[in-house]
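Visitor: If it helps, the file is called model08.txt and holds compact mmCIF, C-alpha atoms and all ligand atoms:
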```txt
# COMPACT_ATOMS: atom_id res chain seq x y z
CA MET A 1 6.04 29.95 -3.35
CA LYS A 2 4.10 29.16 -6.50
CA ILE A 3 0.57 28.75 -7.73
CA ILE A 4 -0.30 25.80 -9.95
CA GLY A 5 -3.51 26.06 -11.99
CA PRO A 6 -6.09 26.58 -13.24
CA PHE A 7 -7.47 23.05 -12.75
CA LYS A 8 -10.99 22.32 -13.92
CA GLN A 9 -11.53 20.64 -10.55
CA VAL A 10 -9.44 19.92 -7.47
CA VAL A 11 -10.71 17.11 -5.27
CA THR A 12 -9.20 17.98 -1.89
CA LEU A 13 -10.53 15.20 0.39
CA ALA A 14 -9.89 17.87 3.04
CA ASN A 15 -12.95 17.30 5.18
CA ILE A 16 -13.53 13.56 4.90
CA PRO A 17 -13.38 11.72 8.25
CA LEU A 18 -10.77 9.08 8.90
CA ARG A 19 -13.26 6.24 9.36
CA GLY A 20 -16.56 4.97 8.07
CA ALA A 21 -18.86 5.31 5.07
CA VAL A 22 -18.64 8.46 2.90
CA SER A 23 -21.14 9.80 0.37
CA ASP A 24 -20.00 11.48 -2.83
CA GLU A 25 -21.97 14.60 -1.82
CA SER A 26 -19.55 15.18 1.03
CA LEU A 27 -16.55 15.55 -1.30
CA GLU A 28 -15.07 19.03 -1.50
CA ILE A 29 -14.62 19.82 -5.21
CA ILE A 30 -13.10 23.20 -5.97
CA GLU A 31 -13.92 24.29 -9.53
CA GLU A 32 -11.49 26.38 -11.65
CA ALA A 33 -8.99 25.96 -8.86
CA GLY A 34 -5.44 26.95 -8.12
CA ILE A 35 -3.09 25.50 -5.52
CA LEU A 36 -0.67 27.70 -3.60
CA ILE A 37 2.43 25.71 -2.69
CA GLU A 38 5.29 26.67 -0.40
CA GLN A 39 8.33 24.47 0.17
CA GLY A 40 6.59 21.47 -1.31
CA LYS A 41 3.52 21.77 0.89
CA VAL A 42 0.00 22.93 0.11
CA GLN A 43 -0.89 26.28 1.64
CA ILE A 44 -4.21 27.19 0.00
CA VAL A 45 -6.56 25.58 -2.52
CA ASP A 46 -9.02 28.14 -3.88
CA ASN A 47 -10.48 29.59 -7.04
CA PHE A 48 -7.54 30.28 -9.40
CA LEU A 49 -8.45 33.95 -10.08
CA THR A 50 -9.06 34.65 -6.41
CA LEU A 51 -5.69 33.14 -5.59
CA THR A 52 -3.70 34.95 -8.31
CA SER A 53 -5.24 38.30 -7.42
CA ARG A 54 -4.59 37.74 -3.74
CA PHE A 55 -0.95 36.83 -4.45
CA PRO A 56 -0.11 38.85 -7.59
CA LYS A 57 3.67 38.50 -7.19
CA VAL A 58 3.74 34.73 -6.82
CA GLU A 59 5.02 32.70 -9.78
CA VAL A 60 2.26 30.87 -11.66
CA GLN A 61 2.81 27.41 -13.15
CA LYS A 62 0.11 27.37 -15.82
CA ILE A 63 -1.99 24.29 -16.52
CA GLU A 64 -3.11 23.94 -20.16
CA GLY A 65 -6.34 22.15 -21.01
CA GLU A 66 -8.95 20.71 -18.70
CA LYS A 67 -7.50 18.70 -15.84
CA VAL A 68 -8.71 17.35 -12.55
CA ALA A 69 -6.24 17.08 -9.64
CA PHE A 70 -6.39 14.69 -6.67
CA PRO A 71 -4.01 14.06 -3.79
CA ALA A 72 -1.55 11.47 -5.14
CA TRP A 73 -2.40 7.84 -4.43
CA VAL A 74 -0.78 5.79 -1.67
CA ASP A 75 -0.08 2.05 -2.13
CA CYS A 76 0.25 0.82 1.45
CA HIS A 77 0.94 -2.90 0.70
CA THR A 78 3.28 -4.27 -1.97
CA HIS A 79 5.85 -7.04 -2.43
CA ILE A 80 7.60 -5.47 -5.46
CA CYS A 81 11.13 -6.43 -4.40
CA PHE A 82 11.54 -9.84 -6.01
CA ALA A 83 13.28 -11.72 -8.80
CA GLY A 84 11.84 -14.38 -11.11
CA ASN A 85 8.41 -14.85 -12.56
CA ARG A 86 5.46 -17.04 -11.58
CA ALA A 87 3.31 -16.88 -14.72
CA ASN A 88 3.16 -20.65 -14.53
CA ASP A 89 1.47 -20.49 -11.09
CA PHE A 90 -1.33 -18.50 -12.70
CA ALA A 91 -1.69 -21.00 -15.53
CA MET A 92 -1.66 -23.96 -13.14
CA ARG A 93 -4.20 -22.35 -10.79
CA ASN A 94 -6.54 -21.72 -13.69
CA SER A 95 -6.25 -25.30 -14.85
CA GLY A 96 -7.50 -26.40 -11.45
CA LYS A 97 -4.24 -27.24 -9.68
CA THR A 98 -4.19 -26.81 -5.91
CA TYR A 99 -1.81 -24.66 -3.87
CA LEU A 100 0.05 -27.82 -2.87
CA GLU A 101 0.35 -29.10 -6.45
CA ILE A 102 1.73 -25.73 -7.55
CA ALA A 103 4.23 -25.71 -4.70
CA THR A 104 5.40 -29.28 -5.36
CA SER A 105 5.93 -28.54 -9.05
CA GLY A 106 8.32 -25.71 -8.19
CA GLY A 107 5.97 -22.73 -7.92
CA GLY A 108 4.56 -20.78 -4.97
CA ILE A 109 6.31 -18.43 -2.57
CA TRP A 110 9.33 -20.74 -2.34
CA SER A 111 10.03 -20.25 -6.05
CA SER A 112 10.22 -16.47 -5.50
CA VAL A 113 12.45 -17.06 -2.48
CA LYS A 114 14.89 -19.12 -4.57
CA HIS A 115 15.06 -16.52 -7.36
CA THR A 116 15.33 -13.62 -4.92
CA ARG A 117 18.09 -15.33 -2.94
CA GLN A 118 20.02 -15.91 -6.18
CA ALA A 119 19.65 -12.30 -7.38
CA THR A 120 22.28 -9.70 -6.53
CA GLU A 121 21.31 -6.55 -4.64
CA ASP A 122 21.84 -4.61 -7.88
CA GLU A 123 19.43 -6.85 -9.75
CA LEU A 124 16.82 -6.33 -7.05
CA ILE A 125 17.38 -2.56 -7.25
CA LYS A 126 16.95 -2.64 -11.03
CA ASN A 127 13.70 -4.63 -10.77
CA LEU A 128 12.42 -2.33 -8.06
CA LEU A 129 13.15 0.82 -10.06
CA THR A 130 11.09 -0.49 -12.99
CA ARG A 131 8.16 -1.36 -10.73
CA VAL A 132 8.33 1.91 -8.77
CA ASP A 133 8.24 3.80 -12.09
CA PHE A 134 5.17 1.78 -13.15
CA LEU A 135 3.42 2.77 -9.91
CA VAL A 136 4.44 6.44 -9.98
CA LYS A 137 3.13 6.82 -13.53
CA GLN A 138 -0.28 5.84 -12.12
CA GLY A 139 -0.01 8.71 -9.65
CA ILE A 140 1.18 6.67 -6.66
CA THR A 141 3.84 8.64 -4.78
CA THR A 142 3.98 6.69 -1.51
CA ILE A 143 4.83 3.01 -1.83
CA GLU A 144 5.21 0.45 0.91
CA VAL A 145 7.58 -2.40 -0.02
CA LYS A 146 7.97 -5.62 1.96
CA SER A 147 10.86 -8.01 2.22
CA GLY A 148 9.80 -11.63 2.73
CA TYR A 149 11.36 -13.50 -0.20
CA GLY A 150 14.70 -13.86 1.58
CA LEU A 151 13.66 -15.75 4.73
CA LYS A 152 17.18 -15.90 6.14
CA LEU A 153 19.40 -13.21 7.55
CA ASP A 154 21.60 -12.32 4.55
CA ALA A 155 18.79 -12.52 1.99
CA GLU A 156 16.30 -10.50 4.07
CA LEU A 157 18.99 -7.85 4.61
CA LYS A 158 19.80 -7.83 0.89
CA MET A 159 16.13 -7.14 0.12
CA LEU A 160 15.79 -4.40 2.74
CA ARG A 161 19.07 -2.79 1.67
CA ALA A 162 17.88 -2.80 -1.95
CA ILE A 163 14.57 -1.20 -0.90
CA ASN A 164 16.40 1.46 1.12
CA HIS A 165 18.89 2.07 -1.69
CA VAL A 166 16.03 2.73 -4.11
CA GLN A 167 14.75 5.45 -1.77
CA GLU A 168 18.04 7.28 -2.39
CA LEU A 169 17.46 7.13 -6.15
CA VAL A 170 13.79 8.10 -6.49
CA LYS A 171 11.46 10.93 -5.44
CA PRO A 172 8.38 8.96 -4.28
CA GLN A 173 8.42 7.90 -0.63
CA ILE A 174 9.33 4.25 -0.15
CA VAL A 175 8.23 2.64 3.12
CA PRO A 176 10.17 -0.57 3.84
CA THR A 177 8.59 -3.36 5.89
CA CYS A 178 10.30 -6.46 7.23
CA LEU A 179 8.26 -9.56 6.31
CA ALA A 180 10.87 -12.15 7.31
CA ALA A 181 7.87 -13.95 8.89
CA HIS A 182 6.24 -14.57 5.50
CA THR A 183 6.37 -18.36 5.68
CA LEU A 184 8.54 -21.07 7.24
CA PRO A 185 11.47 -21.50 4.81
CA LYS A 186 11.90 -25.05 3.56
CA ASP A 187 15.57 -25.12 4.48
CA PHE A 188 15.16 -23.92 8.08
CA ASP A 189 16.27 -26.47 10.63
CA GLY A 190 13.39 -26.15 13.11
CA ASP A 191 9.66 -25.52 13.44
CA SER A 192 7.71 -22.33 12.88
CA ARG A 193 8.04 -21.16 16.48
CA GLU A 194 11.82 -21.64 16.29
CA TYR A 195 11.92 -19.74 13.00
CA LEU A 196 10.01 -16.80 14.56
CA ASP A 197 12.50 -16.89 17.42
CA TYR A 198 15.32 -16.71 14.83
CA VAL A 199 13.65 -13.73 13.13
CA LEU A 200 13.31 -11.98 16.50
CA HIS A 201 16.83 -12.60 17.69
CA TYR A 202 18.93 -12.69 14.52
CA ILE A 203 17.11 -10.65 11.86
CA LEU A 204 15.19 -7.86 13.62
CA PRO A 205 18.14 -6.61 15.71
CA VAL A 206 20.20 -6.08 12.53
CA VAL A 207 17.25 -4.48 10.73
CA GLN A 208 17.07 -2.04 13.61
CA GLU A 209 20.83 -1.47 13.89
CA GLU A 210 21.06 -0.67 10.18
CA ASP A 211 17.84 1.38 10.33
CA LEU A 212 16.40 -0.64 7.43
CA SER A 213 12.76 -0.65 8.55
CA ASN A 214 10.57 0.27 11.50
CA ARG A 215 7.70 -2.00 10.47
CA VAL A 216 7.22 -5.73 10.97
CA ASP A 217 4.68 -7.88 9.11
CA ILE A 218 3.67 -11.53 9.49
CA PHE A 219 1.46 -13.88 7.46
CA ILE A 220 -0.92 -15.55 9.92
CA GLU A 221 -2.56 -18.48 8.16
CA GLN A 222 -2.82 -22.26 8.40
CA SER A 223 -0.14 -22.57 5.70
CA ALA A 224 2.18 -20.00 7.34
CA PHE A 225 2.26 -18.97 11.04
CA GLN A 226 -0.30 -20.00 13.64
CA PRO A 227 -2.30 -17.50 15.71
CA GLU A 228 -0.73 -17.93 19.14
CA GLU A 229 2.92 -18.06 18.05
CA SER A 230 2.21 -15.02 15.86
CA ARG A 231 0.73 -13.08 18.77
CA TRP A 232 3.85 -13.80 20.82
CA PHE A 233 6.09 -12.80 17.88
CA LEU A 234 4.24 -9.53 17.36
CA GLU A 235 4.28 -8.63 21.06
CA GLU A 236 8.05 -9.21 21.09
CA ALA A 237 8.57 -7.18 17.89
CA LYS A 238 6.56 -4.37 19.48
CA LYS A 239 8.90 -4.38 22.47
CA PHE A 240 11.74 -3.62 20.03
CA GLY A 241 9.72 -0.57 18.97
CA PHE A 242 8.53 -1.80 15.58
CA ASP A 243 5.18 -0.79 14.13
CA ILE A 244 3.10 -3.85 13.30
CA THR A 245 1.10 -4.86 10.26
CA VAL A 246 -0.45 -8.27 9.60
CA HIS A 247 -1.46 -10.43 6.63
CA ALA A 248 -4.75 -11.45 8.24
CA ASP A 249 -7.86 -13.53 7.47
CA GLN A 250 -6.84 -14.25 3.86
CA PHE A 251 -8.19 -17.81 3.74
CA THR A 252 -9.27 -18.49 7.33
CA PRO A 253 -10.72 -16.08 9.91
CA GLY A 254 -9.39 -15.12 13.32
CA SER A 255 -6.10 -13.31 12.76
CA SER A 256 -7.44 -9.76 12.27
CA ARG A 257 -8.46 -10.04 15.93
CA ILE A 258 -4.81 -10.58 16.85
CA ALA A 259 -3.82 -7.59 14.73
CA VAL A 260 -6.30 -5.43 16.65
CA GLU A 261 -5.22 -6.81 20.01
CA VAL A 262 -1.53 -6.11 19.44
CA GLY A 263 -2.39 -2.61 18.20
CA ALA A 264 -1.29 -3.19 14.59
CA LYS A 265 -1.32 -0.22 12.23
CA SER A 266 -3.16 -2.37 9.71
CA ALA A 267 -4.72 -5.76 9.10
CA ASP A 268 -4.49 -6.60 5.42
CA HIS A 269 -6.41 -9.03 3.14
CA LEU A 270 -9.56 -9.82 5.24
CA GLU A 271 -11.23 -11.89 2.51
CA ALA A 272 -12.31 -14.40 5.20
CA THR A 273 -13.09 -12.02 8.08
CA SER A 274 -16.15 -13.07 10.13
CA GLU A 275 -19.12 -10.80 10.90
CA GLU A 276 -17.99 -10.55 14.49
CA ASP A 277 -14.45 -9.59 13.55
CA ILE A 278 -15.71 -6.93 11.13
CA GLN A 279 -17.29 -5.24 14.16
CA TYR A 280 -14.13 -5.75 16.19
CA LEU A 281 -11.91 -4.18 13.50
CA ALA A 282 -14.38 -1.34 13.02
CA LYS A 283 -14.09 -0.30 16.66
CA SER A 284 -10.29 -0.27 16.54
CA ASP A 285 -7.66 2.09 15.17
CA THR A 286 -6.22 -0.70 13.02
CA VAL A 287 -6.72 0.14 9.34
CA ALA A 288 -8.54 -2.59 7.38
CA VAL A 289 -6.66 -2.95 4.08
CA ALA A 290 -8.50 -4.63 1.20
CA LEU A 291 -6.29 -6.20 -1.48
CA PRO A 292 -8.54 -6.75 -4.51
CA GLY A 293 -5.52 -7.63 -6.65
CA ALA A 294 -5.09 -10.87 -4.68
CA SER A 295 -8.82 -11.67 -4.97
CA ILE A 296 -8.63 -11.13 -8.74
CA GLY A 297 -5.36 -13.05 -9.08
CA LEU A 298 -6.61 -16.04 -7.09
CA GLY A 299 -10.26 -15.90 -8.16
CA ASP A 300 -11.29 -15.51 -4.51
CA SER A 301 -13.92 -13.39 -2.83
CA PHE A 302 -13.26 -9.75 -2.03
CA ALA A 303 -12.74 -8.36 1.45
CA PRO A 304 -16.09 -7.20 2.95
CA ALA A 305 -15.30 -3.54 2.32
CA ARG A 306 -18.92 -2.38 2.40
CA LYS A 307 -19.63 -3.99 5.75
CA LEU A 308 -16.36 -2.70 7.18
CA LEU A 309 -17.19 0.87 6.18
CA ASP A 310 -20.77 0.64 7.42
CA ALA A 311 -19.50 -0.65 10.74
CA GLY A 312 -17.17 2.37 10.95
CA ALA A 313 -13.78 0.87 10.04
CA ILE A 314 -10.88 2.78 8.49
CA LEU A 315 -10.74 1.15 5.05
CA ALA A 316 -7.71 1.37 2.75
CA ILE A 317 -7.15 -0.36 -0.60
CA ALA A 318 -3.72 -1.45 -1.86
CA THR A 319 -2.33 -3.50 -4.78
CA ASP A 320 -0.49 -6.28 -2.89
CA TRP A 321 1.62 -6.35 -6.07
CA ASN A 322 3.61 -9.59 -5.83
CA PRO A 323 4.80 -12.27 -8.27
CA GLY A 324 2.26 -14.88 -7.15
CA SER A 325 -1.25 -13.92 -6.10
CA ALA A 326 -1.35 -10.32 -7.37
CA PRO A 327 0.88 -9.71 -10.38
CA MET A 328 -1.11 -6.79 -11.86
CA GLY A 329 0.05 -3.71 -9.94
CA ASN A 330 -2.73 -1.42 -11.19
CA LEU A 331 -4.28 0.31 -8.18
CA ILE A 332 -7.12 2.19 -9.88
CA THR A 333 -8.30 -0.86 -11.84
CA GLN A 334 -8.33 -2.98 -8.69
CA ALA A 335 -9.99 -0.33 -6.51
CA SER A 336 -12.67 0.28 -9.19
CA ILE A 337 -13.44 -3.43 -9.46
CA LEU A 338 -13.70 -3.67 -5.67
CA ALA A 339 -16.07 -0.67 -5.81
CA SER A 340 -18.35 -2.48 -8.29
CA PHE A 341 -18.48 -5.72 -6.32
CA GLN A 342 -18.66 -4.13 -2.86
CA LYS A 343 -20.83 -1.11 -3.78
CA LEU A 344 -18.39 1.57 -2.70
CA SER A 345 -18.92 5.25 -3.42
CA THR A 346 -16.27 7.14 -5.39
CA ALA A 347 -15.53 9.09 -2.21
CA GLU A 348 -14.90 5.85 -0.31
CA VAL A 349 -12.51 4.59 -2.98
CA LEU A 350 -10.65 7.91 -3.15
CA SER A 351 -10.32 7.99 0.64
CA ALA A 352 -9.10 4.38 0.70
CA ILE A 353 -6.20 5.07 -1.67
CA THR A 354 -5.15 8.41 -0.15
CA PHE A 355 -5.26 9.58 3.47
CA ARG A 356 -6.68 6.35 4.88
CA ALA A 357 -3.88 4.35 3.22
CA ALA A 358 -1.35 6.92 4.48
CA HIS A 359 -2.76 6.39 7.98
CA ALA A 360 -2.03 2.66 7.66
CA LEU A 361 1.62 3.63 7.18
CA GLY A 362 1.58 6.08 10.10
CA ILE A 363 1.85 9.03 7.67
CA GLN A 364 -0.29 12.02 8.64
CA ASP A 365 0.72 14.66 6.07
CA LYS A 366 -0.21 12.96 2.81
CA GLY A 367 -3.40 12.04 1.03
CA ARG A 368 -5.34 15.31 1.23
CA LEU A 369 -4.85 18.60 -0.59
CA SER A 370 -5.13 20.93 2.37
CA LYS A 371 -2.87 23.17 4.40
CA ASP A 372 0.45 21.63 5.45
CA TYR A 373 -0.06 18.40 3.53
CA TRP A 374 2.65 17.55 0.98
CA ALA A 375 1.76 18.77 -2.52
CA ASP A 376 1.81 15.26 -3.99
CA MET A 377 -0.83 15.28 -6.70
CA VAL A 378 -2.10 13.26 -9.63
CA CYS A 379 -3.88 14.88 -12.59
CA TYR A 380 -6.12 13.48 -15.30
CA ASP A 381 -7.25 14.99 -18.62
CA THR A 382 -10.94 15.25 -17.87
CA ASP A 383 -13.48 17.79 -16.63
CA ASN A 384 -15.19 15.36 -14.23
CA PHE A 385 -13.49 13.75 -11.23
CA GLN A 386 -15.86 10.77 -11.44
CA ASP A 387 -14.18 9.59 -14.65
CA VAL A 388 -11.15 8.16 -12.86
CA ILE A 389 -12.93 5.39 -10.95
CA TYR A 390 -15.70 5.05 -13.56
CA ARG A 391 -13.12 4.25 -16.28
CA GLN A 392 -11.64 1.50 -14.03
CA GLY A 393 -8.05 2.34 -14.86
CA GLY A 394 -8.74 3.09 -18.53
CA LEU A 395 -8.12 6.79 -17.98
CA GLN A 396 -4.43 7.24 -17.36
CA ALA A 397 -2.83 9.86 -15.15
CA SER A 398 -1.53 12.77 -17.23
CA GLU A 399 0.73 14.41 -14.62
CA VAL A 400 2.15 13.49 -11.28
CA TYR A 401 3.64 15.98 -8.78
CA ILE A 402 5.81 15.11 -5.82
CA LYS A 403 6.28 17.86 -3.22
CA GLY A 404 5.01 20.35 -5.78
CA GLU A 405 7.48 19.29 -8.51
CA LYS A 406 6.43 17.55 -11.70
CA TYR A 407 7.66 13.92 -11.90
O1 LIG B 501 -0.09 -10.95 0.23
N1 LIG B 501 -0.46 -13.92 1.48
C1 LIG B 501 0.74 -13.93 1.53
N2 LIG B 501 1.60 -13.25 0.81
C2 LIG B 501 1.36 -12.63 -0.46
C3 LIG B 501 1.55 -13.55 -1.58
C4 LIG B 501 2.95 -13.80 -1.78
C5 LIG B 501 3.27 -14.68 -2.93
O2 LIG B 501 2.42 -15.47 -3.40
O3 LIG B 501 4.40 -14.56 -3.38
C6 LIG B 501 0.03 -11.91 -0.51
O4 LIG B 501 -0.88 -12.25 -1.27
FE FE B 502 0.72 -9.26 0.70
```
Is it possible to express this structure as structure tokens?

Guide:
Amino acid sequence: MKIIGPFKQVVTLANIPLRGAVSDESLEIIEEAGILIEQGKVQIVDNFLTLTSRFPKVEVQKIEGEKVAFPAWVDCHTHICFAGNRANDFAMRNSGKTYLEIATSGGGIWSSVKHTRQATEDELIKNLLTRVDFLVKQGITTIEVKSGYGLKLDAELKMLRAINHVQELVKPQIVPTCLAAHTLPKDFDGDSREYLDYVLHYILPVVQEEDLSNRVDIFIEQSAFQPEESRWFLEEAKKFGFDITVHADQFTPGSSRIAVEVGAKSADHLEATSEEDIQYLAKSDTVAVALPGASIGLGDSFAPARKLLDAGAILAIATDWNPGSAPMGNLITQASILASFQKLSTAEVLSAITFRAAHALGIQDKGRLSKDYWADMVCYDTDNFQDVIYRQGGLQASEVYIKGEKY
């Protein structure tokens, strides 16, 4: 057992509901607080002096200076396992080139597939370690990582093995997701339905045998997989026992509905979700994941986060960090920008990058600082919790704790 403190403020998020709009007044802020931790889990958050006098024999890990602590952030959607660089895609997009022109001049997802296929597993591990470190330093201690730049058996397995290997080397939790259904690979001898059949019968069984991932993702879009073949694919993947997540409604509406109907854990992107589908998502248990990094990267509109929350949806925010549409990887900057454009309260942003994002990953013991949650925390040198979102990423995390231990 130990007590960490005193913190100027601890924002617990203990009592915030899983879904819907949240006002800042409903945040539980404990002033001059201490946190009692046992075996990596939070036991009590209370006034520091109250806590130390109640438990006089417990070791105290003293905090110097004024700091505010939050539950550590959760990034529930990334593509950080990749090789190569697509800076030229960004330049071409901003000079008015279309998706097709970028793809035909050697850019786009296929360019990342070629580089990732060429890379060794060790190179992918090295790249991943650098990116994981970049995320953890922001206070993110739970990181979802997708495959999806392999798009054939050996290369998808190489990616998933690299992602799993990294989990053995680092303290933050890495959640691997199989996105072999990212797009139809150019060198596949067959149509998209046949490729999905190949993923189902040749890739997913090995993923399961090797215990590489229990989550399956698909990109449903005109340029990738079509709604009805995707629904069939997801139903089949569910029969294997996989949890489902979907890249939905990024450019055209309709696919978040499929995510809800197959009982997906999350429907991610949603920039093009219709009014009707906002209501549909809001009545479901599927987490609506906004990816402002992709909106910023592509110069597109943001997901309708305000309307989703007002309708009662479970809203999470993630970086979508990938080499093409979202190369930034800064969660707080992206979430703060989304807050400005979508008029989100600080409490809504904090909920979206903590316990609501954890829920999208099926994780129930992270994202709040309350009894029996993991003591994963991020601290900032400030006396006011509002500064973190207000500074839009300009205020950097000063300490990160994973299971009660300093990173
Ligand atoms: O989530 N939308 C599809 N997939 C990624 C982009 C992948 C890429 O451009 O490499 C996304 O934005
Ligand atoms: Fe994505």

Visitor: Considering all atoms listed in the file, return as a PyMOL selection string whatever protein or nucleic-acid residues lie within 10 Å of A:Gln250, sequence-local ones (same chain, fewer than 5 positions apart) excluded.

Guide: chain A and resi 219-221+255-256+268-273+291+294-295+300-303

Visitor: To check your reading of the model: which residues sit at most 8 Å from ligand FE 502 (chain B) when counting all atoms listed in the file? Write the answer as a PyMOL selection string.

Guide: chain A and resi 77-79+247+268-269+291+320-322

Visitor: Name the residues in contact with stretch 21-31 of chain A at a cut-off of 12 Å, using all atoms listed in the file, excluding same-chain residues fewer than 5 positions from it; report them as an MDAnalysis selection string.

Guide: chainID A and resid 5:16 44:50 66:70 282 305:315 343:352 368:370 383:386

Visitor: For A:Arg161, please output as a ChimeraX atom specification all residues within 12 Å (counting all atoms listed in the file; exclusion window: fewer than 2 positions along the same chain).

Guide: /A:81,120-122,124-125,128,145-147,150,153-159,163-168,176-178,206-207,210-213

Visitor: Calculated over all atoms listed in the file, which of the candidates A:Asn85, A:Val132, A:Pro205, A:Leu184 has the smallest distance to A:Leu169?

Guide: A:Val132

Visitor: Taking all atoms listed in the file into account, name the residue in A:Asp249, A:Asp187, A:Glu276, A:Glu236 that is nearest to ligand LIG 501 (chain B).

Guide: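 So, comparing all the options, the nearest one is A:Asp249.
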
Visitor: Using all atoms listed in the file, pick whichever of A:Gln118, A:Ser105, A:Ser53, A:Ser111 has the shortest atom-to-atom distance to ligand LIG 501 (chain B).

Guide: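 The shortest atom-to-atom distance to ligand LIG 501 (chain B) comes from A:Ser111.
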
Visitor: Give, as AutoDock Vina command-line options, the centre coordinates and the x, y and z edge lengths in Å to one decimal for an axis-aligned box around all listed atoms of ligand LIG 501 (chain B), padded by 6 Å on each side.

Guide:
```
--center_x 1.8 --center_y -13.2 --center_z -0.9 --size_x 17.3 --size_y 16.5 --size_z 16.9
```

Visitor: Tell me, in Å to one decimal, how far atom CA of A:Tyr149 is from atom CA of A:Val113.

Guide: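 Taking atom CA of A:Tyr149 and atom CA of A:Val113, their separation equals 4.4 Å.
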
Visitor: Name the closest residue to ligand LIG 501 (chain B) among the candidates A:Trp232, A:Phe90, A:Phe134, A:Phe188; distances are taken between atoms, counting only C-alpha atoms and all ligand atoms.

Guide: A:Phe90

Visitor: Near A:Gly367, counting all atoms listed in the file, which residues have an atom at most 12 Å away, once you skip same-chain residues fewer than 4 positions from it, shown as a ChimeraX atom specification?

Guide: /A:11-16,18,41-42,70-76,139-142,316,350-363,371-378,402

Visitor: For the atom pair atom CA of A:Ala33 and atom CA of A:Thr333, what is the interatomic distance in Å to one decimal place?

Guide: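 Interatomic distance here is 27.0 Å.
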
Visitor: So what do you get for atom CA of A:Ala181 versus atom CA of A:Trp110, distance-wise?

Guide: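 Taking atom CA of A:Ala181 as the start and atom CA of A:Trp110 as the end point, the length is 13.2 Å.
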
Visitor: What's around A:Gly241 at 10 Å? Count only C-alpha atoms, leave out sequence neighbours fewer than 3 positions away in its own chain, and write the answer as a PyMOL selection string.

Guide: chain A and resi 208+214-216+235-238+244

Visitor: May I ask which of the residues A:Ile258, A:Leu151, A:Ile218, A:Ile3 is the closest one to A:Tyr202, counting only C-alpha atoms?

Guide: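 Result for the nearest residue to A:Tyr202: A:Leu151.
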
Visitor: Would you please work out which residue, of A:Ser284, A:Glu64, A:Thr183, A:Arg86, is nearest to A:Ile102 when using all atoms listed in the file?

Guide: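 Looking at the shortest contact to A:Ile102, the residue is A:Arg86.
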